[in-house]
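Enquirer: Just so it is clear, I am handing over query-v2.cif, which has mmCIF, C-alpha atoms.
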data_input
#
loop_
_atom_site.group_PDB
_atom_site.id
_atom_site.type_symbol
_atom_site.label_atom_id
_atom_site.label_comp_id
_atom_site.auth_asym_id
_atom_site.auth_seq_id
_atom_site.Cartn_x
_atom_site.Cartn_y
_atom_site.Cartn_z
ATOM 1 C CA MET C 19 -47.746 23.770 12.928
ATOM 2 C CA LEU C 20 -46.163 24.223 16.324
ATOM 3 C CA SER C 21 -46.847 27.445 18.100
ATOM 4 C CA ARG C 22 -44.383 29.369 20.280
ATOM 5 C CA GLU C 23 -44.130 28.750 24.009
ATOM 6 C CA THR C 24 -46.229 25.617 24.089
ATOM 7 C CA PRO C 25 -45.163 22.589 26.095
ATOM 8 C CA SER C 26 -45.566 20.380 23.007
ATOM 9 C CA GLY C 27 -43.220 22.683 21.060
ATOM 10 C CA GLU C 28 -40.562 22.448 23.770
ATOM 11 C CA LEU C 29 -41.001 18.702 23.875
ATOM 12 C CA MET C 30 -40.611 18.477 20.127
ATOM 13 C CA ASN C 31 -37.375 20.524 20.196
ATOM 14 C CA ALA C 32 -35.968 18.437 23.011
ATOM 15 C CA GLN C 33 -36.839 15.213 21.159
ATOM 16 C CA VAL C 34 -35.135 16.386 17.959
ATOM 17 C CA MET C 35 -31.988 17.348 19.893
ATOM 18 C CA ARG C 36 -32.002 13.999 21.713
ATOM 19 C CA LEU C 37 -32.456 12.126 18.429
ATOM 20 C CA LEU C 38 -29.521 13.922 16.816
ATOM 21 C CA SER C 39 -27.263 13.404 19.824
ATOM 22 C CA GLY C 40 -28.248 9.732 19.977
ATOM 23 C CA MET C 41 -27.475 9.232 16.299
ATOM 24 C CA SER C 42 -24.163 10.991 16.747
ATOM 25 C CA VAL C 43 -23.092 8.983 19.798
ATOM 26 C CA HIS C 44 -24.263 5.570 18.552
ATOM 27 C CA GLY C 45 -23.031 6.128 15.013
ATOM 28 C CA ASP C 46 -19.635 7.091 16.370
ATOM 29 C CA GLN C 47 -19.524 4.066 18.678
ATOM 30 C CA HIS C 48 -20.265 1.620 15.842
ATOM 31 C CA LEU C 49 -17.758 3.252 13.516
ATOM 32 C CA ALA C 50 -15.117 3.224 16.259
ATOM 33 C CA GLU C 51 -15.658 -0.547 16.597
ATOM 34 C CA VAL C 52 -15.309 -1.059 12.827
ATOM 35 C CA GLU C 53 -12.167 1.084 12.834
ATOM 36 C CA ARG C 54 -10.682 -0.922 15.711
ATOM 37 C CA ASP C 55 -11.419 -4.213 13.880
ATOM 38 C CA LEU C 56 -9.830 -2.949 10.679
ATOM 39 C CA VAL C 57 -6.693 -1.849 12.496
ATOM 40 C CA GLN C 58 -6.542 -5.249 14.228
ATOM 41 C CA MET C 59 -7.022 -6.994 10.869
ATOM 42 C CA ASP C 60 -4.118 -4.980 9.470
ATOM 43 C CA VAL C 61 -1.918 -6.005 12.399
ATOM 44 C CA LEU C 62 -2.879 -9.682 11.983
ATOM 45 C CA LEU C 63 -2.229 -9.570 8.238
ATOM 46 C CA ASP C 64 1.140 -7.951 8.897
ATOM 47 C CA GLU C 65 2.088 -10.692 11.345
ATOM 48 C CA ALA C 66 0.816 -13.402 8.993
ATOM 49 C CA ILE C 67 2.798 -12.082 6.045
ATOM 50 C CA LYS C 68 5.965 -11.837 8.144
ATOM 51 C CA LYS C 69 5.570 -15.489 9.158
ATOM 52 C CA LEU C 70 4.693 -16.556 5.611
ATOM 53 C CA CYS C 71 7.732 -14.728 4.235
ATOM 54 C CA ALA C 72 10.008 -16.290 6.858
ATOM 55 C CA SER C 73 8.658 -19.786 6.063
ATOM 56 C CA PHE C 74 8.983 -19.146 2.350
ATOM 57 C CA MET C 75 12.620 -18.076 2.745
ATOM 58 C CA ALA C 76 13.389 -21.098 4.925
ATOM 59 C CA ILE C 77 11.756 -23.510 2.458
ATOM 60 C CA HIS C 78 13.583 -21.903 -0.437
ATOM 61 C CA HIS C 79 16.899 -22.181 1.400
ATOM 62 C CA ALA C 80 16.248 -25.855 2.199
ATOM 63 C CA VAL C 81 15.332 -26.585 -1.427
ATOM 64 C CA ASP C 82 18.555 -24.870 -2.543
ATOM 65 C CA LEU C 83 20.600 -27.053 -0.210
ATOM 66 C CA GLN C 84 18.755 -30.145 -1.396
ATOM 67 C CA GLN C 85 19.462 -29.135 -4.966
ATOM 68 C CA GLU C 86 23.158 -28.731 -4.195
ATOM 69 C CA ALA C 87 23.242 -32.197 -2.634
ATOM 70 C CA LEU C 88 21.495 -33.657 -5.665
ATOM 71 C CA ASN C 89 23.906 -31.929 -8.009
ATOM 72 C CA GLY C 90 26.765 -33.483 -6.035
ATOM 73 C CA LEU C 91 25.242 -36.943 -6.337
ATOM 74 C CA LEU C 92 24.627 -36.467 -10.051
ATOM 75 C CA ALA C 93 28.206 -35.279 -10.579
ATOM 76 C CA ASP C 94 29.679 -38.272 -8.734
ATOM 77 C CA GLY C 95 27.841 -41.015 -10.545
ATOM 78 C CA MET C 96 26.363 -41.500 -13.940
ATOM 79 C CA PRO C 97 22.637 -41.005 -13.420
ATOM 80 C CA ALA C 98 20.216 -42.603 -15.787
ATOM 81 C CA PRO C 99 19.270 -40.004 -18.435
ATOM 82 C CA GLU C 100 15.606 -40.107 -17.380
ATOM 83 C CA TYR C 101 16.559 -39.092 -13.807
ATOM 84 C CA ALA C 102 18.751 -36.227 -15.013
ATOM 85 C CA ALA C 103 15.889 -34.989 -17.188
ATOM 86 C CA ARG C 104 13.429 -35.387 -14.320
ATOM 87 C CA PHE C 105 15.662 -33.345 -11.977
ATOM 88 C CA ALA C 106 15.999 -30.601 -14.583
ATOM 89 C CA ALA C 107 12.221 -30.516 -15.050
ATOM 90 C CA LEU C 108 11.694 -30.343 -11.275
ATOM 91 C CA ARG C 109 14.127 -27.425 -11.032
ATOM 92 C CA GLY C 110 12.083 -25.586 -13.631
ATOM 93 C CA GLU C 111 8.833 -26.383 -11.791
ATOM 94 C CA ILE C 112 10.253 -25.175 -8.471
ATOM 95 C CA ASN C 113 11.389 -21.898 -10.053
ATOM 96 C CA GLN C 114 7.909 -21.361 -11.482
ATOM 97 C CA HIS C 115 6.298 -21.936 -8.072
ATOM 98 C CA VAL C 116 8.819 -19.636 -6.374
ATOM 99 C CA GLY C 117 7.984 -16.876 -8.885
ATOM 100 C CA ALA C 118 4.244 -17.340 -8.300
ATOM 101 C CA ALA C 119 4.755 -17.285 -4.512
ATOM 102 C CA VAL C 120 6.791 -14.051 -4.716
ATOM 103 C CA THR C 121 3.969 -12.440 -6.692
ATOM 104 C CA SER C 122 1.282 -13.648 -4.269
ATOM 105 C CA LEU C 123 3.226 -12.669 -1.143
ATOM 106 C CA GLN C 124 2.867 -9.034 -2.202
ATOM 107 C CA PHE C 125 -0.833 -9.070 -1.231
ATOM 108 C CA GLN C 126 -0.228 -7.417 2.130
ATOM 109 C CA ASP C 127 1.153 -4.240 0.548
ATOM 110 C CA MET C 128 -2.125 -3.760 -1.319
ATOM 111 C CA THR C 129 -4.516 -4.880 1.431
ATOM 112 C CA SER C 130 -2.741 -2.635 3.911
ATOM 113 C CA GLN C 131 -3.200 0.379 1.609
ATOM 114 C CA LEU C 132 -6.889 -0.497 1.173
ATOM 115 C CA ILE C 133 -7.389 -0.881 4.936
ATOM 116 C CA GLY C 134 -5.632 2.443 5.511
ATOM 117 C CA ARG C 135 -8.022 4.082 3.066
ATOM 118 C CA MET C 136 -11.051 2.507 4.780
ATOM 119 C CA VAL C 137 -9.844 3.778 8.151
ATOM 120 C CA GLN C 138 -9.456 7.295 6.740
ATOM 121 C CA HIS C 139 -13.031 7.143 5.389
ATOM 122 C CA LEU C 140 -14.312 5.883 8.740
ATOM 123 C CA THR C 141 -12.570 8.778 10.481
ATOM 124 C CA GLY C 142 -14.279 11.124 8.024
ATOM 125 C CA LEU C 143 -17.641 9.487 8.683
ATOM 126 C CA ARG C 144 -17.111 9.801 12.439
ATOM 127 C CA ASN C 145 -16.506 13.502 11.892
ATOM 128 C CA VAL C 146 -19.821 13.684 10.036
ATOM 129 C CA PHE C 147 -21.576 11.990 12.960
ATOM 130 C CA GLY C 148 -19.742 14.366 15.288
ATOM 131 C CA ALA C 149 -21.281 17.280 13.397
ATOM 132 C CA LEU C 150 -24.748 15.958 14.265
ATOM 133 C CA ASP C 151 -24.019 16.234 17.958
ATOM 134 C CA THR C 152 -25.592 19.188 19.693
ATOM 135 C CA ASN C 153 -23.401 18.580 22.759
ATOM 136 C CA GLY C 154 -26.491 18.332 24.915
ATOM 137 C CA ALA C 155 -27.460 21.911 24.187
ATOM 138 C CA ALA C 156 -31.177 22.412 24.403
ATOM 139 C CA VAL C 157 -32.954 24.810 22.106
ATOM 140 C CA SER C 158 -33.835 27.534 24.560
ATOM 141 C CA GLU C 159 -36.940 28.650 22.751
ATOM 142 C CA SER C 160 -39.754 26.333 21.940
ATOM 143 C CA GLY C 161 -40.647 27.876 18.580
ATOM 144 C CA ASN C 162 -39.976 26.521 15.123
ATOM 145 C CA GLU C 163 -37.528 29.323 14.301
ATOM 146 C CA ALA C 164 -35.079 28.368 17.024
ATOM 147 C CA LEU C 165 -35.254 24.702 16.043
ATOM 148 C CA LEU C 166 -34.856 25.549 12.371
ATOM 149 C CA ALA C 167 -31.818 27.704 13.099
ATOM 150 C CA THR C 168 -30.188 24.895 15.091
ATOM 151 C CA LEU C 169 -30.968 22.337 12.373
ATOM 152 C CA SER C 170 -29.597 24.695 9.747
ATOM 153 C CA ASP C 171 -26.308 25.014 11.714
ATOM 154 C CA ILE C 172 -26.037 21.258 12.008
ATOM 155 C CA SER C 173 -26.823 20.817 8.334
ATOM 156 C CA GLU C 174 -24.034 23.232 7.386
ATOM 157 C CA ARG C 175 -21.534 21.420 9.599
ATOM 158 C CA VAL C 176 -22.555 18.038 8.154
ATOM 159 C CA GLY C 177 -22.317 19.423 4.607
ATOM 160 C CA ALA C 178 -18.829 20.798 5.229
ATOM 161 C CA ARG C 179 -17.565 17.515 6.672
ATOM 162 C CA CYS C 180 -19.172 15.502 3.844
ATOM 163 C CA THR C 181 -17.295 17.688 1.352
ATOM 164 C CA GLU C 182 -14.023 17.065 3.220
ATOM 165 C CA LEU C 183 -14.771 13.331 3.186
ATOM 166 C CA ALA C 184 -15.548 13.249 -0.538
ATOM 167 C CA GLY C 185 -12.355 14.993 -1.547
ATOM 168 C CA GLY C 186 -10.095 13.461 1.059
ATOM 169 C CA VAL C 187 -8.669 10.095 0.136
ATOM 170 C CA ARG C 188 -7.585 9.116 -3.356
ATOM 171 C CA SER C 189 -7.744 5.463 -4.345
ATOM 172 C CA THR C 190 -4.270 4.072 -4.983
ATOM 173 C CA VAL C 191 -5.143 0.394 -5.424
ATOM 174 C CA ASN C 192 -7.338 -0.691 -8.307
ATOM 175 C CA GLN C 193 -6.022 -4.223 -8.739
ATOM 176 C CA ARG C 194 -8.711 -6.893 -8.603
ATOM 177 C CA HIS C 195 -6.492 -9.943 -8.857
ATOM 178 C CA MET C 196 -2.961 -10.995 -7.977
ATOM 179 C CA GLU C 197 -1.653 -11.421 -11.510
ATOM 180 C CA SER C 198 1.579 -9.522 -12.106
ATOM 181 C CA GLY C 199 1.090 -5.969 -13.346
ATOM 182 C CA ASP C 200 2.036 -4.069 -16.490
ATOM 183 C CA ILE C 201 5.548 -2.910 -17.257
ATOM 184 C CA GLU C 202 6.161 0.196 -19.332
ATOM 185 C CA LEU C 203 9.583 1.597 -20.162
ATOM 186 C CA PHE C 204 9.655 5.292 -21.108
ATOM 187 C CA MET A 26 31.472 -7.031 -9.312
ATOM 188 C CA SER A 27 27.690 -7.209 -9.012
ATOM 189 C CA LYS A 28 25.547 -4.195 -9.760
ATOM 190 C CA THR A 29 23.759 -2.568 -6.836
ATOM 191 C CA ILE A 30 20.076 -1.703 -6.753
ATOM 192 C CA LEU A 31 18.409 0.624 -4.266
ATOM 193 C CA ALA A 32 14.934 -0.732 -3.400
ATOM 194 C CA VAL A 33 12.677 1.856 -1.759
ATOM 195 C CA ASP A 34 9.333 0.732 -0.318
ATOM 196 C CA ASP A 35 7.538 1.293 2.990
ATOM 197 C CA SER A 36 6.135 -2.249 2.961
ATOM 198 C CA GLY A 37 8.474 -4.681 4.705
ATOM 199 C CA SER A 38 7.104 -7.720 2.870
ATOM 200 C CA LEU A 39 7.497 -6.002 -0.496
ATOM 201 C CA ARG A 40 11.120 -5.070 0.294
ATOM 202 C CA GLN A 41 11.748 -8.655 1.342
ATOM 203 C CA MET A 42 10.325 -10.028 -1.927
ATOM 204 C CA LEU A 43 12.264 -7.471 -3.978
ATOM 205 C CA SER A 44 15.485 -8.203 -2.174
ATOM 206 C CA PHE A 45 14.983 -11.952 -2.530
ATOM 207 C CA SER A 46 14.257 -11.728 -6.272
ATOM 208 C CA LEU A 47 17.077 -9.302 -7.072
ATOM 209 C CA LYS A 48 19.708 -11.143 -5.032
ATOM 210 C CA ALA A 49 18.681 -14.420 -6.670
ATOM 211 C CA ALA A 50 19.331 -12.717 -10.012
ATOM 212 C CA GLY A 51 22.836 -11.739 -8.859
ATOM 213 C CA TYR A 52 22.349 -8.089 -7.873
ATOM 214 C CA GLY A 53 23.384 -6.408 -4.654
ATOM 215 C CA VAL A 54 20.474 -4.730 -2.873
ATOM 216 C CA ILE A 55 20.238 -1.764 -0.538
ATOM 217 C CA GLU A 56 16.831 -1.360 1.116
ATOM 218 C CA ALA A 57 15.186 1.918 2.128
ATOM 219 C CA VAL A 58 11.905 2.342 4.014
ATOM 220 C CA ASP A 59 10.724 5.600 2.409
ATOM 221 C CA GLY A 60 11.788 8.373 0.038
ATOM 222 C CA GLN A 61 13.911 10.239 2.580
ATOM 223 C CA ASP A 62 15.705 7.073 3.643
ATOM 224 C CA GLY A 63 16.229 6.243 -0.031
ATOM 225 C CA LEU A 64 17.690 9.669 -0.723
ATOM 226 C CA ASN A 65 20.053 9.387 2.267
ATOM 227 C CA LYS A 66 21.257 5.966 1.156
ATOM 228 C CA ALA A 67 21.687 7.112 -2.449
ATOM 229 C CA LYS A 68 23.896 9.946 -1.178
ATOM 230 C CA GLN A 69 25.989 7.550 0.911
ATOM 231 C CA GLN A 70 26.616 5.125 -1.934
ATOM 232 C CA LYS A 71 26.130 5.497 -5.667
ATOM 233 C CA VAL A 72 23.879 2.714 -6.937
ATOM 234 C CA ASP A 73 23.356 1.372 -10.468
ATOM 235 C CA LEU A 74 19.544 1.457 -10.464
ATOM 236 C CA VAL A 75 16.777 2.761 -8.224
ATOM 237 C CA LEU A 76 13.479 0.962 -7.809
ATOM 238 C CA THR A 77 10.946 2.983 -5.870
ATOM 239 C CA ASP A 78 7.376 2.824 -4.659
ATOM 240 C CA GLN A 79 5.185 5.924 -5.068
ATOM 241 C CA ASN A 80 2.937 6.118 -1.997
ATOM 242 C CA MET A 81 5.092 6.233 1.115
ATOM 243 C CA PRO A 82 4.894 8.260 4.325
ATOM 244 C CA GLY A 83 7.066 11.364 4.310
ATOM 245 C CA MET A 84 8.807 11.647 0.960
ATOM 246 C CA ASP A 85 6.964 9.853 -1.853
ATOM 247 C CA GLY A 86 8.435 8.247 -4.956
ATOM 248 C CA LEU A 87 7.964 11.222 -7.289
ATOM 249 C CA SER A 88 9.689 13.561 -4.827
ATOM 250 C CA LEU A 89 12.545 11.070 -4.460
ATOM 251 C CA ILE A 90 13.007 10.898 -8.240
ATOM 252 C CA LYS A 91 13.070 14.696 -8.519
ATOM 253 C CA ALA A 92 15.612 14.929 -5.682
ATOM 254 C CA LEU A 93 17.825 12.256 -7.266
ATOM 255 C CA ARG A 94 17.656 13.824 -10.718
ATOM 256 C CA ALA A 95 18.816 17.095 -9.184
ATOM 257 C CA MET A 96 22.009 15.341 -8.072
ATOM 258 C CA LYS A 97 24.833 15.293 -10.601
ATOM 259 C CA ASN A 98 25.711 11.624 -10.189
ATOM 260 C CA TYR A 99 22.105 10.427 -10.507
ATOM 261 C CA GLN A 100 21.170 12.174 -13.724
ATOM 262 C CA SER A 101 21.629 9.087 -15.869
ATOM 263 C CA VAL A 102 21.024 6.305 -13.359
ATOM 264 C CA PRO A 103 17.927 4.306 -14.362
ATOM 265 C CA ILE A 104 14.993 4.831 -11.996
ATOM 266 C CA LEU A 105 11.930 2.590 -12.089
ATOM 267 C CA MET A 106 8.666 3.167 -10.279
ATOM 268 C CA LEU A 107 7.140 0.030 -8.759
ATOM 269 C CA THR A 108 3.717 0.947 -7.482
ATOM 270 C CA THR A 109 0.077 -0.104 -7.131
ATOM 271 C CA GLU A 110 -0.857 2.999 -9.134
ATOM 272 C CA SER A 111 -1.648 2.370 -12.786
ATOM 273 C CA GLY A 112 -3.327 5.602 -13.930
ATOM 274 C CA ASP A 113 -2.024 7.375 -17.021
ATOM 275 C CA ASP A 114 -1.855 10.708 -15.177
ATOM 276 C CA MET A 115 0.439 9.250 -12.530
ATOM 277 C CA LYS A 116 2.612 7.633 -15.192
ATOM 278 C CA ALA A 117 2.893 10.978 -16.963
ATOM 279 C CA MET A 118 3.987 12.598 -13.689
ATOM 280 C CA GLY A 119 6.569 9.855 -13.191
ATOM 281 C CA ARG A 120 7.915 10.355 -16.664
ATOM 282 C CA ALA A 121 8.086 14.123 -16.183
ATOM 283 C CA ALA A 122 9.921 13.654 -12.875
ATOM 284 C CA GLY A 123 12.583 11.584 -14.618
ATOM 285 C CA ALA A 124 11.533 7.943 -14.186
ATOM 286 C CA ASN A 125 12.715 5.515 -16.868
ATOM 287 C CA GLY A 126 9.858 3.086 -16.465
ATOM 288 C CA TRP A 127 6.657 2.194 -14.626
ATOM 289 C CA LEU A 128 5.959 -1.214 -13.127
ATOM 290 C CA VAL A 129 2.570 -2.006 -11.632
ATOM 291 C CA LYS A 130 2.457 -4.194 -8.506
ATOM 292 C CA PRO A 131 2.383 -7.040 -7.910
ATOM 293 C CA PHE A 132 5.597 -7.790 -9.804
ATOM 294 C CA ASP A 133 6.646 -11.066 -11.348
ATOM 295 C CA PRO A 134 10.298 -11.697 -10.408
ATOM 296 C CA ALA A 135 11.264 -13.078 -13.832
ATOM 297 C CA ARG A 136 9.762 -10.099 -15.684
ATOM 298 C CA LEU A 137 11.265 -7.627 -13.219
ATOM 299 C CA THR A 138 14.791 -9.005 -13.550
ATOM 300 C CA GLU A 139 14.394 -9.151 -17.333
ATOM 301 C CA VAL A 140 13.640 -5.412 -17.414
ATOM 302 C CA ILE A 141 16.492 -4.600 -15.031
ATOM 303 C CA LYS A 142 18.893 -6.696 -17.076
ATOM 304 C CA LYS A 143 17.875 -4.728 -20.146
ATOM 305 C CA LEU A 144 18.711 -1.470 -18.352
ATOM 306 C CA ILE A 145 21.900 -2.247 -16.454
ATOM 307 C CA GLY A 146 22.969 -5.690 -17.599
#
Give the structure from the file, written as structure tokens.

Expert:
Amino acid sequence: MLSRETPSGELMNAQVMRLLSGMSVHGDQHLAEVERDLVQMDVLLDEAIKKLCASFMAIHHAVDLQQEALNGLLADGMPAPEYAARFAALRGEINQHVGAAVTSLQFQDMTSQLIGRMVQHLTGLRNVFGALDTNGAAVSESGNEALLATLSDISERVGARCTELAGGVRSTVNQRHMESGDIELF
Amino acid sequence: MSKTILAVDDSGSLRQMLSFSLKAAGYGVIEAVDGQDGLNKAKQQKVDLVLTDQNMPGMDGLSLIKALRAMKNYQSVPILMLTTESGDDMKAMGRAAGANGWLVKPFDPARLTEVIKKLIG
């Protein structure tokens, strides 16, 4: 047990304070990096989906025009029945693929919500690390009581921020695949 | 004259997919970026059906439904929630607020238009 007013007691208190500050600063730095990467990922996904949507619209428009041209050709001549049937089947296939693409292109709405939730949790975790920081304050006395009181303060702050974190962000996305969802009329 | 649908969602890509699917099915579409924008646009022009997301910045979907139901000319207009949320408690809140149906994202365009056709033709 450490006794009051001994150099080893002061050293111990200083080491504990340094350890807590170090954990706080480094923990915060790493979490800030993760947060920055997540935000960047969200921006990249947003840009990607905009480009995908634009390409999808352009392809769909081109296919529509092609279809119109084909309809004109079919109306002018007398196409062999197998070609007419083949064109009709292709139209059906294209519509199916368009429907599937529309469903899949909704991924960004969900991923963006999930990323937003992760960022909110990271912010909460950074607050928890912030509560560990003693702001460089040294424990003035070398005894166990002073150290215990400081640790108790920190522990309370950490506990309060952990509670905030636990109750903070509700999950709004539980989908685990990109199949279309349920429909319920009241 | 084609029926008009108000599509309210804060996700640009989702609004784009909704608009694309509904226009392809022959409906007119008005887009709104959140509940408040949706409410403003609903006041400017009466629409035949409202399709709204739940989680949006500012005014959310449930608040929008309550505000619309408080307006005389929106008391019988069909309102559908289109959201990532699928919990029974949220559905119950939607129903209590005045929603006519609950659609879980992602939507399939054919199924969506089938439901809308059933409601407004």

Enquirer: Name the closest residue to chain C among the candidates A:Leu43, A:Leu76, A:Leu89, A:Met118; distances are taken between atoms, counting only C-alpha atoms.

Expert: A:Leu43

Enquirer: Using all atoms listed in the file, which of the listed residues (A:Lys48, A:Arg136, A:Lys130, A:Lys143) sits closest to chain C?

Expert: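 Among the listed residues, the smallest separation from chain C belongs to A:Lys130.
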
Enquirer: Using only C-alpha atoms for the distances, tell me which of A:Leu39, A:Leu107, A:Leu93, A:Asp34 is nearest to chain C.

Expert: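 The closest residue to chain C is A:Leu39.
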
Enquirer: Would you write out, as a list in words, every residue that the PyMOL selection byres ((chain C) within 8 of (chain A)) captures in this file?

Expert: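 Matching residues under the PyMOL selection byres ((chain C) within 8 of (chain A)) are Ile67, Lys68, Cys71, Gly117, Ala118, Val120, Thr121, Ser122, Leu123, Gln124, Phe125, Gln126, Asp127, Met128, Thr190, Val191, Asn192, Gln193, Met196, Glu197, Ser198, Gly199, Asp200, Ile201, Glu202, Leu203 and Phe204 of chain C.
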
Enquirer: What does the file look like for those residues with C-alpha atoms, as a compact mmCIF listing (two decimals), in the frame of the given file?

Expert:
# COMPACT_ATOMS: atom_id res chain seq x y z
CA ILE C 67 2.80 -12.08 6.04
CA LYS C 68 5.96 -11.84 8.14
CA CYS C 71 7.73 -14.73 4.24
CA GLY C 117 7.98 -16.88 -8.88
CA ALA C 118 4.24 -17.34 -8.30
CA VAL C 120 6.79 -14.05 -4.72
CA THR C 121 3.97 -12.44 -6.69
CA SER C 122 1.28 -13.65 -4.27
CA LEU C 123 3.23 -12.67 -1.14
CA GLN C 124 2.87 -9.03 -2.20
CA PHE C 125 -0.83 -9.07 -1.23
CA GLN C 126 -0.23 -7.42 2.13
CA ASP C 127 1.15 -4.24 0.55
CA MET C 128 -2.12 -3.76 -1.32
CA THR C 190 -4.27 4.07 -4.98
CA VAL C 191 -5.14 0.39 -5.42
CA ASN C 192 -7.34 -0.69 -8.31
CA GLN C 193 -6.02 -4.22 -8.74
CA MET C 196 -2.96 -11.00 -7.98
CA GLU C 197 -1.65 -11.42 -11.51
CA SER C 198 1.58 -9.52 -12.11
CA GLY C 199 1.09 -5.97 -13.35
CA ASP C 200 2.04 -4.07 -16.49
CA ILE C 201 5.55 -2.91 -17.26
CA GLU C 202 6.16 0.20 -19.33
CA LEU C 203 9.58 1.60 -20.16
CA PHE C 204 9.65 5.29 -21.11

Enquirer: Between A:Met96, A:Met81, A:Met115, A:Val102, which has the minimum distance to A:Ala57 (counting only C-alpha atoms)?

Expert: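 Smallest separation from A:Ala57 among the options: A:Met81.
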
Enquirer: Written as a PyMOL selection string, which residues does the PyMOL selection byres ((chain A and resi 32) around 9) give for the file shown?

Expert: chain A and resi 30-31+33-34+40+43-44+54-58+63+74-78

Enquirer: Which residue is closest to C:Met59? Choose from C:Val187, C:Ala93, C:Leu132, C:Val34 and count only C-alpha atoms.

Expert: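 Once distances to C:Met59 are computed over only C-alpha atoms, the minimum belongs to C:Leu132.
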
Enquirer: Which residues would end up in the selection if the PyMOL selection byres ((chain C and resi 151) around 12) were applied here, given that I need the answer as a PyMOL selection string?

Expert: chain C and resi 34-46+144-150+152-156+168-169+171-173+175-176

Enquirer: Could you check the closest approach to A:Thr29 for each of A:Gln61, A:Val72, A:Thr138, A:Ala49 and tell me which residue wins, using all atoms listed in the file?

Expert: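 The answer is A:Val72, which sits nearest to A:Thr29.
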
Enquirer: Quick check, in Å to one decimal: how far apart do atom CA of A:Ser88 and atom CA of C:Gln138 lie?

Expert: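 These atoms are spaced 23.2 Å apart.
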
Enquirer: Find the distance between atom CA of A:Ile90 and atom CA of A:Ala67 and write it in Å to one decimal.

Expert: 11.1 Å

Enquirer: Could you list, as number ranges by chain, every residue within 10 Å of C:Asn89, counting all atoms listed in the file and ignoring same-chain residues fewer than 6 positions away?

Expert: C: 83, 102, 105

Enquirer: Reconstruct stretch 178-190 of chain C at the level of N, CA and C atoms, and format the result as a short mmCIF file (atom, residue, chain, number, x, y, z; two decimals), keeping the file's coordinate frame.

Expert:
data_model
loop_
_atom_site.label_atom_id
_atom_site.label_comp_id
_atom_site.auth_asym_id
_atom_site.auth_seq_id
_atom_site.Cartn_x
_atom_site.Cartn_y
_atom_site.Cartn_z
N ALA C 178 -20.25 20.48 5.33
CA ALA C 178 -18.83 20.80 5.23
C ALA C 178 -17.99 19.55 5.43
N ARG C 179 -18.36 18.73 6.40
CA ARG C 179 -17.57 17.52 6.67
C ARG C 179 -17.74 16.48 5.57
N CYS C 180 -18.96 16.43 4.97
CA CYS C 180 -19.17 15.50 3.84
C CYS C 180 -18.29 15.90 2.66
N THR C 181 -18.14 17.20 2.45
CA THR C 181 -17.30 17.69 1.35
C THR C 181 -15.84 17.29 1.60
N GLU C 182 -15.39 17.48 2.87
CA GLU C 182 -14.02 17.07 3.22
C GLU C 182 -13.84 15.58 2.94
N LEU C 183 -14.85 14.79 3.33
CA LEU C 183 -14.77 13.33 3.19
C LEU C 183 -14.70 12.94 1.71
N ALA C 184 -15.50 13.60 0.89
CA ALA C 184 -15.55 13.25 -0.54
C ALA C 184 -14.23 13.54 -1.23
N GLY C 185 -13.58 14.62 -0.84
CA GLY C 185 -12.36 14.99 -1.55
C GLY C 185 -11.09 14.52 -0.87
N GLY C 186 -11.24 13.77 0.22
CA GLY C 186 -10.10 13.46 1.06
C GLY C 186 -9.12 12.40 0.58
N VAL C 187 -9.59 11.20 0.31
CA VAL C 187 -8.67 10.10 0.14
C VAL C 187 -8.75 9.52 -1.27
N ARG C 188 -7.64 9.62 -1.99
CA ARG C 188 -7.58 9.12 -3.36
C ARG C 188 -7.33 7.61 -3.33
N SER C 189 -7.97 6.90 -4.27
CA SER C 189 -7.74 5.46 -4.34
C SER C 189 -6.42 5.18 -5.04
N THR C 190 -5.57 4.37 -4.39
CA THR C 190 -4.27 4.07 -4.98
C THR C 190 -4.16 2.61 -5.42
#
